Amino acid sequence: PRTGAPVEYDTRAGMWHVYGYHEAQQVVGDPATYSSDTMRVIPKHLLPSPDELSLEGFLTQIDPPEHGKLRKLVSSAFTRKVVADLEPRIAEVAHELLDAAADRGRFELVTDLAYPLPVIVIAELLGVPAGDRALFKKWADALFQRDAEFAIKETGRPDAELQAAIEPWKEMRDYLQAHVTERREAPRADLITRLVQAEVDGRRLPDAQVVNFAMLLLLAGHITTTMLLGNTVLCLDAFPDQQERVRADRSLIPAVIEESLRYLTPFAALARSTVREVELGGVTIPADQLVMVWLAWANRDPLQFADPHVFDLGRDPNPHLAFGRGIHFCLGAPLARLEGRVALDILLDRRKELRSDPDDPVEFIPTPSMTGVRRLPL
Ligand code: HEM
């Protein structure tokens with residue numbers, strides 16, 4: 001819908017859309033009113049039964065006080081230092097991928113760099129074989145595809161479809177469970193081992209939680225960064241003056257990444273559910289409603305950003321909401337930023353121009369809540 005109001009009800013889908021920056025901040029800043037547990041408002045017949053697959057307990061889906069305890073535990077293993085130490089390896093992998101592409105004599109950004117780079121990095125960090133990445137891609141594609149269909153479905157769906165939708169989850173869970181079991185017996189120097197051993201206030205993570213978090217990292221850790229890299233090149237292609245600017249002054253690289261996150265926000269929307277009736281942006285939302293927070297719209301709100309539809313490296317500060325805000329603020333933001341900066345620096349070094357190929361069209365991911373390219377020939 002989009003009538004210009006900051007908050008709207010969508011009669012067709014039976015949910016609320018939040019577009020305003022101020023209103024988006026209000027929603028993500030108030031987890032007591034807007035719960036991250038959205039499953040509770042989705043009709044039960046649309047969900048797998050708990051013995052088929054439990055979707056409970058994902059960090060992104062839980063509320064205080066459990067959220068804080070779990071986040072503290074996983075952050076004790078996935079620290080800023082762990083991420084910062086990855087910098088030389090990120091650069092090495094990026095060079096290897098670009099060398100391989102140069103040998104092939106053509107360059108398609110997503111296949112040659114933006115997809116494999118973050119997958120290899122997250123797989124090595126977790127400690128699962130990067131060689132299994134065809135599997136990860138299969139799962140991620142299936143899950144994101146299903147999510148999209150699921151989100152726009154208004155009525156029930158046949159059992160067979162539901163079964164097909166949970167199959168990739170099960171496969172991924174079993175795969176990671178096998179790794180967790182192995183690390184309990186034979187610890188290694190990897191993130192799965194650190195998660196297995198993590199202890200805060202005498203509390204440890206049960207296997208199911210380590211598996212859940214590893215699944216989240218494997219999924220969140222690559223699709224999003226792939227989108228960030230693709231979007232960044234797309235922005236510099238569309239705004240050549242800004243490309244010139246960063247070529248002349250590499251200290252602007254972090255500004256390119258932040259402005260790319262604002263201008264083409266990878267996770268365009270977040271979901272919340274109201275636990276009580278609440279006023280927002282001049283309307284009253286009843287309890288137990290699904291609320292979609294459109295970060296991509298908030299990041300182009302003219303009340304917050306001057307000339308919001310212009311890609312401008314001069315925005316300082318740039319308080320975009322691409323990583324969310326508040327207690328669920330993206331735990332992988334330091335990694336995504338590091339990968340973005342390292343990859344862009346290397347691309348600027350190795351290519352005189354970052355230009356899309358006028359004869360070979362760009363393809364976007366067809367999911368409305370995701371903004372990114374799946375094919376970008378240069
Ligand atoms: C949470 C975006 C990369 C792991 C989030 C949230 C957003 C987001 C918007 C908040 C979700 C909510 O409030 O409901 C992004 C974007 C990325 C990115 C745009 C890349 C450009 C990553 C990476 C990782 C990661 C690389 C891990 C390796 C997580 C985790 C959470 C999260 C674990 C859940 C935090 C919590 O619920 O407390 N991300 N993310 N993300 N992200 Fe990212």
# chains A, B, ... in the order shown; residues from 1 in each chain; ligands from 1

call {"tool": "residues_near_ligand", "arguments": {"ligand": "ligand 1", "cutoff": "8 Å", "atoms": "only C-alpha atoms and all ligand atoms", "output": "ChimeraX atom specification"}}
result
/A:28,36,58-62,67-68,71,118,122,213,216-228,261,265-267,269-272,295,321-337

call {"tool": "residues_around", "arguments": {"residues": "A:Val27", "least_positions_apart": "3", "cutoff": "9 Å", "atoms": "only C-alpha atoms", "output": "ChimeraX atom specification"}}
result
/A:18,22-24,30-31,33-34,272,280,291,293

call {"tool": "residues_around", "arguments": {"residues": "A:Leu117", "least_positions_apart": "3", "cutoff": "12 Å", "atoms": "only C-alpha atoms", "output": "PDB file with C-alpha atoms, in the first residue's frame"}}
result
ATOM      1  CA  ARG A  89      42.231 -14.114   5.764  1.00  0.00           C
ATOM      2  CA  ILE A  90      39.333 -12.125   4.226  1.00  0.00           C
ATOM      3  CA  ALA A  91      41.824 -10.259   2.020  1.00  0.00           C
ATOM      4  CA  GLU A  92      43.566 -13.487   1.049  1.00  0.00           C
ATOM      5  CA  VAL A  93      40.303 -15.216   0.051  1.00  0.00           C
ATOM      6  CA  ALA A  94      39.154 -12.144  -1.916  1.00  0.00           C
ATOM      7  CA  HIS A  95      42.439 -12.109  -3.881  1.00  0.00           C
ATOM      8  CA  GLU A  96      42.226 -15.849  -4.570  1.00  0.00           C
ATOM      9  CA  LEU A  97      38.667 -15.494  -5.863  1.00  0.00           C
ATOM     10  CA  LEU A  98      39.571 -12.532  -8.067  1.00  0.00           C
ATOM     11  CA  LEU A 109      30.375 -10.080  -9.139  1.00  0.00           C
ATOM     12  CA  VAL A 110      27.976 -12.368  -7.253  1.00  0.00           C
ATOM     13  CA  THR A 111      29.265 -15.777  -8.394  1.00  0.00           C
ATOM     14  CA  ASP A 112      32.902 -14.748  -8.522  1.00  0.00           C
ATOM     15  CA  LEU A 113      33.189 -12.779  -5.276  1.00  0.00           C
ATOM     16  CA  ALA A 114      30.140 -11.540  -3.367  1.00  0.00           C
ATOM     17  CA  ILE A 120      34.042 -19.232   2.940  1.00  0.00           C
ATOM     18  CA  VAL A 121      34.716 -16.794   5.803  1.00  0.00           C
ATOM     19  CA  ILE A 122      31.719 -17.874   7.914  1.00  0.00           C
ATOM     20  CA  ALA A 123      32.347 -21.582   7.224  1.00  0.00           C
ATOM     21  CA  GLU A 124      35.998 -21.299   8.283  1.00  0.00           C
ATOM     22  CA  ALA A 130      34.052 -24.510   3.128  1.00  0.00           C
ATOM     23  CA  ARG A 133      29.202 -24.592   0.419  1.00  0.00           C
ATOM     24  CA  GLY A 221      26.433 -14.675   7.743  1.00  0.00           C
ATOM     25  CA  HIS A 222      26.423 -14.980   4.032  1.00  0.00           C
ATOM     26  CA  ILE A 223      23.274 -13.976   2.197  1.00  0.00           C
ATOM     27  CA  THR A 224      23.261 -10.525   3.788  1.00  0.00           C
ATOM     28  CA  THR A 225      26.918  -9.778   3.132  1.00  0.00           C
ATOM     29  CA  THR A 226      26.507 -10.975  -0.452  1.00  0.00           C
ATOM     30  CA  MET A 227      23.750  -8.399  -0.808  1.00  0.00           C
ATOM     31  CA  LEU A 228      25.901  -5.699   0.807  1.00  0.00           C
ATOM     32  CA  LEU A 229      28.794  -6.272  -1.621  1.00  0.00           C
ATOM     33  CA  GLY A 230      26.535  -6.386  -4.682  1.00  0.00           C
ATOM     34  CA  LEU A 335      32.017  -8.869  10.357  1.00  0.00           C
ATOM     35  CA  ALA A 336      29.766  -7.558   7.575  1.00  0.00           C
ATOM     36  CA  LEU A 338      34.929  -5.665   7.717  1.00  0.00           C
ATOM     37  CA  GLU A 339      34.134  -7.905   4.733  1.00  0.00           C
ATOM     38  CA  GLY A 340      32.584  -4.956   2.898  1.00  0.00           C
ATOM     39  CA  VAL A 342      38.244  -5.235   2.654  1.00  0.00           C
ATOM     40  CA  ALA A 343      36.465  -6.419  -0.507  1.00  0.00           C
TER      41      ALA A 343
END

call {"tool": "closest_residue", "arguments": {"among": "A:Met172, A:Pro319, A:Thr371, A:Gly282", "to": "A:Pro6", "atoms": "only C-alpha atoms"}}
result
A:Gly282

call {"tool": "select_by_dssp", "arguments": {"residues": "stretch 38-276 of chain A", "states": "alpha helix (DSSP H)", "output": "PyMOL selection string"}}
result
chain A and resi 66-77+80-84+87-104+109+116-126+133-152+159-185+191-197+207-238+240-248+253-263

call {"tool": "closest_atom_pairs", "arguments": {"of": "stretch 59-156 of chain A", "to": "stretch 196-199 of chain A", "cutoff": "8 Å", "atoms": "only C-alpha atoms", "output": "tab-separated table"}}
result
residue	atom	partner	partner_atom	distance
A:Leu73	CA	A:Ala198	CA	6.4
A:Val74	CA	A:Ala198	CA	7.4
A:Ser76	CA	A:Ala198	CA	6.8
A:Ala77	CA	A:Ala198	CA	6.4

call {"tool": "select_by_dssp", "arguments": {"residues": "stretch 168-366 of chain A", "states": "strand (DSSP E)", "output": "number ranges by chain"}}
result
A: 199-200, 203-204, 269-274, 278-280, 283-285, 290-294, 363-364

call {"tool": "atom_distance", "arguments": {"atom1": "atom CA of A:Arg300", "atom2": "atom CA of A:Tyr21"}}
result
8.2 Å

call {"tool": "closest_residue", "arguments": {"among": "A:Ala248, A:Ile285, A:Val256, A:Val233", "to": "A:Val373", "atoms": "only C-alpha atoms"}}
result
A:Val233

call {"tool": "residues_around", "arguments": {"residues": "A:Pro206", "least_positions_apart": "3", "cutoff": "10 Å", "atoms": "only C-alpha atoms", "output": "ChimeraX atom specification"}}
result
/A:195-196,203,209-211

call {"tool": "closest_residue", "arguments": {"among": "A:Pro187, A:Pro240, A:Gly105, A:Pro377", "to": "A:Val362", "atoms": "only C-alpha atoms"}}
result
A:Pro377

call {"tool": "closest_residue", "arguments": {"among": "A:Leu143, A:Leu313, A:Ala208, A:Leu191", "to": "A:Thr367", "atoms": "only C-alpha atoms"}}
result
A:Leu143

call {"tool": "closest_residue", "arguments": {"among": "A:Gly281, A:Gly127, A:Pro43, A:Pro168", "to": "A:Arg188", "atoms": "only C-alpha atoms"}}
result
A:Gly127

call {"tool": "closest_residue", "arguments": {"among": "A:Val310, A:Ala100, A:Ala165, A:Ile346", "to": "A:Asp241", "atoms": "only C-alpha atoms"}}
result
A:Val310
